[in-house]
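Containing mmCIF, C-alpha atoms: protein-v2.cif.
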data_coords
loop_
_atom_site.label_atom_id
_atom_site.label_comp_id
_atom_site.auth_asym_id
_atom_site.auth_seq_id
_atom_site.Cartn_x
_atom_site.Cartn_y
_atom_site.Cartn_z
CA MET A 6 -25.67 -4.30 -27.87
CA LYS A 7 -24.49 -5.78 -24.60
CA PRO A 8 -23.30 -3.37 -21.90
CA LYS A 9 -19.87 -4.31 -20.61
CA PRO A 10 -20.34 -6.75 -17.71
CA PRO A 11 -18.97 -6.18 -14.19
CA VAL A 12 -15.37 -7.08 -13.41
CA LEU A 13 -15.43 -9.43 -10.40
CA LEU A 14 -11.91 -9.76 -9.04
CA VAL A 15 -12.00 -10.75 -5.37
CA ASP A 16 -10.48 -14.14 -6.15
CA LEU A 17 -7.41 -12.52 -7.72
CA PHE A 18 -6.35 -10.67 -4.56
CA PRO A 19 -4.74 -13.71 -2.87
CA VAL A 20 -2.94 -14.60 -6.11
CA GLU A 21 -1.54 -11.10 -6.58
CA ARG A 22 -0.51 -10.86 -2.91
CA ALA A 23 1.22 -14.24 -2.97
CA GLU A 24 3.30 -13.06 -5.95
CA LEU A 25 4.22 -9.88 -4.09
CA LEU A 26 5.24 -11.68 -0.90
CA VAL A 27 7.49 -14.09 -2.80
CA LEU A 28 9.09 -11.18 -4.64
CA LEU A 29 9.74 -9.13 -1.50
CA ALA A 30 10.95 -12.05 0.60
CA ASP A 31 13.71 -12.76 -1.93
CA LEU A 32 14.98 -9.18 -2.27
CA PRO A 33 18.55 -8.46 -1.13
CA PRO A 34 18.90 -5.56 1.34
CA ASP A 35 20.09 -3.03 -1.23
CA ALA A 36 17.11 -3.72 -3.53
CA TRP A 37 14.72 -2.41 -0.88
CA GLU A 38 16.30 1.02 -1.32
CA ALA A 39 16.09 1.01 -5.12
CA PRO A 40 14.25 4.06 -6.50
CA THR A 41 10.88 3.58 -8.19
CA VAL A 42 8.92 5.65 -10.70
CA CYS A 43 7.04 7.13 -7.73
CA ALA A 44 9.15 10.24 -7.15
CA GLY A 45 11.08 10.07 -3.88
CA TRP A 46 9.87 6.59 -3.01
CA SER A 47 12.01 3.48 -2.78
CA VAL A 48 10.84 -0.11 -3.18
CA LYS A 49 10.43 -0.22 0.61
CA ASP A 50 8.34 2.95 0.55
CA LEU A 51 6.10 1.52 -2.15
CA ALA A 52 5.63 -1.70 -0.18
CA ALA A 53 4.65 0.41 2.84
CA HIS A 54 2.17 2.30 0.67
CA ILE A 55 0.52 -0.99 -0.37
CA LEU A 56 0.21 -1.86 3.32
CA ALA A 57 -1.42 1.53 3.91
CA ASP A 58 -3.96 0.78 1.17
CA ASP A 59 -4.88 -2.45 2.94
CA LEU A 60 -5.18 -0.84 6.36
CA GLY A 61 -7.12 2.10 4.97
CA ASN A 62 -9.74 -0.24 3.52
CA LEU A 63 -9.99 -2.17 6.75
CA SER A 64 -10.19 0.90 8.99
CA GLY A 65 -12.33 3.11 6.78
CA GLY A 66 -14.38 0.43 4.99
CA ARG A 67 -14.72 -2.56 7.27
CA ASP A 68 -14.64 -0.61 10.57
CA GLN A 69 -16.17 2.68 9.30
CA TYR A 70 -13.53 4.66 11.22
CA ARG A 71 -12.63 8.17 10.05
CA HIS A 72 -9.67 9.94 11.65
CA SER A 73 -8.87 12.41 8.83
CA PRO A 74 -12.08 13.06 6.88
CA VAL A 75 -11.86 14.10 3.24
CA PRO A 76 -12.61 17.84 2.81
CA ALA A 77 -16.28 18.49 2.06
CA ALA A 78 -17.04 18.56 -1.68
CA PRO A 79 -13.40 18.73 -2.73
CA SER A 80 -12.32 19.66 -6.22
CA TRP A 81 -10.24 17.12 -8.13
CA GLU A 82 -7.08 19.06 -7.26
CA GLN A 83 -8.00 19.24 -3.56
CA LEU A 84 -8.76 15.53 -3.45
CA VAL A 85 -5.44 14.63 -5.08
CA ALA A 86 -3.55 16.96 -2.73
CA PHE A 87 -5.29 15.46 0.31
CA ILE A 88 -4.50 11.90 -0.75
CA ASP A 89 -0.90 12.78 -1.61
CA GLU A 90 -0.40 14.32 1.83
CA GLN A 91 -1.89 11.28 3.56
CA ASN A 92 0.33 8.96 1.53
CA GLU A 93 3.50 10.93 2.26
CA ASP A 94 2.74 11.05 5.99
CA TRP A 95 2.34 7.28 6.12
CA VAL A 96 5.44 6.49 4.06
CA ARG A 97 7.63 8.77 6.18
CA SER A 98 6.41 7.10 9.37
CA ALA A 99 6.79 3.58 7.94
CA ARG A 100 10.46 4.07 7.10
CA ARG A 101 11.29 2.92 10.63
CA LEU A 102 9.81 -0.53 9.86
CA SER A 103 12.12 -3.34 8.80
CA PRO A 104 11.66 -5.09 5.43
CA ARG A 105 10.97 -8.35 7.25
CA LEU A 106 8.20 -6.76 9.30
CA LEU A 107 6.69 -5.17 6.21
CA VAL A 108 6.45 -8.57 4.54
CA GLU A 109 4.83 -10.05 7.65
CA LEU A 110 2.35 -7.19 7.89
CA LEU A 111 1.46 -7.43 4.18
CA SER A 112 0.68 -11.12 4.66
CA TRP A 113 -1.51 -10.32 7.66
CA SER A 114 -3.33 -7.40 6.05
CA GLY A 115 -3.84 -9.20 2.75
CA GLU A 116 -5.79 -12.01 4.38
CA ARG A 117 -8.05 -9.62 6.28
CA LEU A 118 -8.62 -7.43 3.26
CA VAL A 119 -9.84 -10.38 1.20
CA ALA A 120 -12.19 -11.45 4.00
CA TYR A 121 -13.65 -7.93 4.11
CA LEU A 122 -14.06 -7.67 0.33
CA ARG A 123 -15.73 -11.08 0.12
CA ALA A 124 -18.36 -9.88 2.60
CA LEU A 125 -19.43 -6.99 0.35
CA ASP A 126 -22.34 -7.13 -2.09
CA PRO A 127 -20.55 -6.38 -5.37
CA MET A 128 -23.72 -5.04 -7.02
CA ALA A 129 -24.70 -2.64 -4.22
CA PRO A 130 -23.93 1.07 -4.69
CA GLY A 131 -20.66 2.13 -3.13
CA ALA A 132 -18.31 5.08 -3.38
CA VAL A 133 -17.98 7.79 -6.03
CA PHE A 134 -14.85 7.50 -8.18
CA ALA A 135 -13.99 10.80 -9.79
CA TRP A 136 -12.38 9.04 -12.77
CA ALA A 137 -15.51 6.95 -13.44
CA GLY A 138 -18.21 9.60 -13.06
CA PRO A 139 -20.17 11.63 -10.49
CA GLU A 140 -22.61 8.88 -9.43
CA PRO A 141 -21.86 6.25 -6.78
CA ALA A 142 -20.26 3.23 -8.41
CA PRO A 143 -21.17 -0.37 -7.50
CA TRP A 144 -18.90 -2.12 -5.04
CA TRP A 145 -17.52 -4.40 -7.74
CA LEU A 146 -15.84 -1.38 -9.31
CA HIS A 147 -14.41 -0.36 -5.95
CA ILE A 148 -13.01 -3.87 -5.50
CA ALA A 149 -11.66 -3.95 -9.04
CA ARG A 150 -10.03 -0.53 -8.58
CA GLU A 151 -8.33 -1.76 -5.41
CA TYR A 152 -6.99 -4.72 -7.35
CA THR A 153 -5.60 -2.51 -10.11
CA GLU A 154 -3.90 -0.33 -7.48
CA ARG A 155 -2.07 -3.33 -6.06
CA TRP A 156 -1.15 -4.75 -9.47
CA MET A 157 0.19 -1.37 -10.59
CA HIS A 158 2.36 -0.85 -7.52
CA GLN A 159 3.68 -4.39 -7.66
CA GLN A 160 4.58 -3.83 -11.29
CA GLN A 161 6.41 -0.64 -10.33
CA ILE A 162 8.38 -2.59 -7.73
CA ARG A 163 9.17 -5.30 -10.25
CA GLU A 164 10.46 -2.76 -12.74
CA ALA A 165 12.60 -1.12 -10.04
CA VAL A 166 14.34 -4.39 -9.15
CA GLY A 167 14.42 -5.90 -12.65
CA ALA A 168 11.94 -8.70 -11.92
CA PRO A 169 9.56 -10.09 -14.59
CA GLY A 170 6.13 -8.45 -14.67
CA LEU A 171 2.79 -10.06 -13.89
CA PHE A 172 1.50 -10.04 -17.45
CA GLN A 173 -0.43 -13.32 -17.42
CA ARG A 174 -3.91 -12.83 -18.83
CA PRO A 175 -5.93 -13.41 -15.63
CA LEU A 176 -3.82 -11.01 -13.57
CA PHE A 177 -3.13 -8.33 -16.18
CA GLY A 178 -6.19 -8.68 -18.39
CA SER A 179 -8.38 -7.88 -15.39
CA VAL A 180 -6.47 -4.64 -14.91
CA LEU A 181 -7.12 -3.50 -18.48
CA ASN A 182 -10.74 -4.70 -18.25
CA THR A 183 -11.16 -2.40 -15.24
CA PHE A 184 -9.31 0.61 -16.61
CA VAL A 185 -11.62 0.90 -19.62
CA HIS A 186 -14.46 1.81 -17.26
CA ALA A 187 -12.88 5.27 -17.15
CA LEU A 188 -13.70 5.85 -20.82
CA PRO A 189 -17.33 7.08 -20.63
CA HIS A 190 -16.33 9.76 -18.13
CA GLY A 191 -13.20 10.56 -20.13
CA TYR A 192 -15.41 11.23 -23.16
CA ARG A 193 -18.12 13.10 -21.23
CA ASP A 194 -17.46 16.44 -22.97
CA VAL A 195 -17.17 14.95 -26.46
CA ALA A 196 -20.22 15.78 -28.57
CA ALA A 197 -21.14 13.39 -31.36
CA PRO A 198 -24.24 12.28 -33.29
CA GLU A 199 -26.51 9.69 -31.71
CA GLY A 200 -25.20 6.18 -32.31
CA THR A 201 -21.57 7.21 -32.88
CA LEU A 202 -19.33 4.19 -32.28
CA VAL A 203 -15.70 4.38 -31.09
CA LYS A 204 -13.79 1.12 -30.78
CA LEU A 205 -10.77 0.52 -28.54
CA VAL A 206 -8.54 -2.44 -29.38
CA ILE A 207 -5.74 -3.38 -26.96
CA THR A 208 -3.37 -5.92 -28.47
CA GLY A 209 -1.38 -8.55 -26.61
CA GLU A 210 -2.15 -11.66 -24.59
CA ALA A 211 -4.08 -9.67 -21.97
CA GLY A 212 -5.79 -7.29 -24.38
CA GLY A 213 -9.34 -7.07 -25.68
CA ARG A 214 -11.89 -5.05 -27.64
CA TRP A 215 -14.40 -2.57 -26.22
CA SER A 216 -16.90 -0.12 -27.69
CA LEU A 217 -18.03 3.37 -26.73
CA VAL A 218 -21.44 4.30 -28.10
CA ARG A 219 -23.16 7.69 -27.93
CA GLN A 220 -26.77 7.22 -26.82
CA GLY A 221 -29.19 9.55 -25.11
CA GLY A 222 -26.66 12.35 -25.00
CA ARG A 223 -24.00 10.34 -23.17
CA TRP A 224 -21.36 7.72 -23.85
CA GLY A 225 -21.82 4.11 -22.76
CA LEU A 226 -19.32 1.27 -22.55
CA TYR A 227 -20.18 -1.98 -24.32
CA GLU A 228 -18.65 -5.24 -25.36
CA ASP A 229 -17.32 -5.31 -28.90
CA VAL A 230 -20.19 -3.84 -30.97
CA SER A 231 -20.70 -4.71 -34.62
CA GLY A 232 -21.36 -1.91 -37.06
CA PRO A 233 -19.36 0.82 -38.78
CA PRO A 234 -17.20 2.67 -36.24
CA ALA A 235 -16.49 6.37 -36.53
CA SER A 236 -13.05 5.71 -35.05
CA ILE A 237 -10.90 2.70 -34.15
CA ILE A 238 -8.05 3.14 -31.66
CA THR A 239 -5.48 0.37 -31.41
CA LEU A 240 -2.62 0.25 -28.92
CA ASP A 241 -0.54 -2.44 -27.25
CA GLN A 242 -1.18 -3.62 -23.71
CA ASP A 243 1.98 -2.12 -22.23
CA THR A 244 1.18 1.33 -23.59
CA ALA A 245 -2.44 0.97 -22.43
CA TRP A 246 -1.80 0.41 -18.74
CA ARG A 247 0.81 3.14 -18.60
CA LEU A 248 -1.51 5.58 -20.36
CA PHE A 249 -4.40 4.93 -17.97
CA THR A 250 -2.09 5.42 -14.95
CA LYS A 251 -0.19 8.50 -16.18
CA GLY A 252 2.95 6.42 -16.54
CA ILE A 253 3.49 7.67 -20.09
CA ASP A 254 3.10 11.10 -21.66
CA ARG A 255 0.55 11.96 -24.33
CA ASP A 256 3.04 12.30 -27.17
CA THR A 257 4.66 8.94 -26.48
CA ALA A 258 1.25 7.26 -26.20
CA ARG A 259 0.04 8.89 -29.42
CA ALA A 260 3.11 7.63 -31.27
CA CYS A 261 2.23 4.07 -30.19
CA MET A 262 -1.39 4.26 -31.37
CA ILE A 263 -2.89 3.17 -34.65
CA LEU A 264 -5.81 5.46 -35.48
CA GLU A 265 -8.48 4.78 -38.09
CA GLY A 266 -11.35 7.09 -38.92
CA ASP A 267 -12.08 10.32 -37.03
CA ARG A 268 -8.85 11.23 -35.24
CA ASN A 269 -10.64 13.79 -33.08
CA LEU A 270 -12.57 10.96 -31.44
CA ALA A 271 -9.29 9.34 -30.43
CA ALA A 272 -7.86 12.41 -28.69
CA PRO A 273 -9.85 12.11 -25.40
CA LEU A 274 -8.30 8.70 -24.72
CA LEU A 275 -4.93 10.40 -24.27
CA ASP A 276 -6.30 12.30 -21.26
CA THR A 277 -8.31 9.46 -19.70
CA VAL A 278 -6.97 8.15 -16.38
CA ALA A 279 -8.22 5.33 -14.18
CA ILE A 280 -6.45 6.38 -10.98
CA ILE A 281 -6.56 9.37 -8.65
CA ALA A 282 -3.34 11.21 -9.45
#
Structure re-expressed in structure tokens:
Amino acid sequence: MKPKPPVLLVDLFPVERAELLVLLADLPPDAWEAPTVCAGWSVKDLAAHILADDLGNLSGGRDQYRHSPVPAAPSWEQLVAFIDEQNEDWVRSARRLSPRLLVELLSWSGERLVAYLRALDPMAPGAVFAWAGPEPAPWWLHIAREYTERWMHQQQIREAVGAPGLFQRPLFGSVLNTFVHALPHGYRDVAAPEGTLVKLVITGEAGGRWSLVRQGGRWGLYEDVSGPPASIITLDQDTAWRLFTKGIDRDTARACMILEGDRNLAAPLLDTVAIIA
């Protein structure tokens, strides 16, 4: 069995940002105020939030500057509440910025973010991601997570203004290939015999096949493993990204799944998320 390889995505950041800048530069004034799926946030608010993500990485990561430290040993709920408060504070303040200035700032911050990320050793240990497990994750997962954040928010903007989504395989497939790294942690409390195999199949141009295997009392993520699976879960790519980002409820996601084998081994997927929310 081959463990799933790292997802190296630094080169996709300039491509994703270029798509965003073209989209925003062509928006009519009223489209900036269109509501998005992020409750209470307009397209302009969401663009400002993306800018905040860039600046947060540069200030906190590149410059190691901490103005509002995260509470010591926060629970999941405390961490989410802290991040939500920080995000709301920024968005409220950024509402005084013009759309034109936001586009200019996103161009500026995007270039500097890529330069910072390129300077990191992707295999070195980095931050802890609550959705991926309690141990520090390698920097490549941090970089990949940042990419998925930007793809997701751009997709939310595109849906709000009726623009086509970024569903090309390189851009979207990398998102799905990152999200599946949440699965071992999502299954952490699921007991099963040694060697139990659960397969996830995501259909569509950007989809793929991945395997969860129970070994040594824990679940590991692998490339598509041969052998008799205890369960096979199949869902389409649109359902998959929405499920991993809490953009779809459990019942709707379940109705879109094709389940083979042990249905109990499919249930944890419905509660697996690959974002902090």
Show me, as a Markdown table, the residues of range 101-157 of chain A having an atom within 8 Å of range 50-74 of chain A, each with the closest atom pair and its distance in Å, using only C-alpha atoms.
| residue | atom | partner | partner_atom | distance |
| --- | --- | --- | --- | --- |
| A:Leu107 | CA | A:Ala53 | CA | 6.8 |
| A:Leu110 | CA | A:Leu56 | CA | 7.3 |
| A:Leu111 | CA | A:Leu56 | CA | 5.8 |
| A:Ser114 | CA | A:Asp59 | CA | 6.0 |
| A:Gly115 | CA | A:Asp59 | CA | 6.8 |
| A:Arg117 | CA | A:Leu63 | CA | 7.7 |
| A:Leu118 | CA | A:Asp59 | CA | 6.2 |
| A:Tyr121 | CA | A:Arg67 | CA | 6.3 |
| A:Arg155 | CA | A:Ile55 | CA | 6.7 |
Practice problem: Run the PyMOL selection byres ((chain A and resi 22-35) around 12) against the file shown and list the residues it catches, as a PyMOL selection string. | Solution: chain A and resi 15-21+36-40+47-49+51-53+55-56+59+103-119+152+154-171+176
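Every protein, DNA or RNA residue with an atom at most 7 Å from range 220-235 of chain A, where only C-alpha atoms count and chain neighbours fewer than 6 positions away do not, is listed here: Met6, Lys7, Pro8, Lys9, Pro189, Tyr192, Arg193, Glu199, Gly200, Thr201, Leu202, Val203, Lys204, Arg214, Gly266 and Asp267 of chain A.
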Practice problem: Return as a ChimeraX atom specification the set of residues that the PyMOL selection byres ((chain A and resi 270) around 8) yields on the displayed structure. | Solution: /A:195,203,235-236,267-269,271-273
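What separates CA of Ala211 in chain A from CA of Thr153 in chain A is a distance of 13.9 Å.
If you measure from each of A:Val218, A:Leu125, A:Ile263, A:Cys43 to Asn92 in chain A using all atoms listed in the file, the closest one turns out to be A:Cys43.
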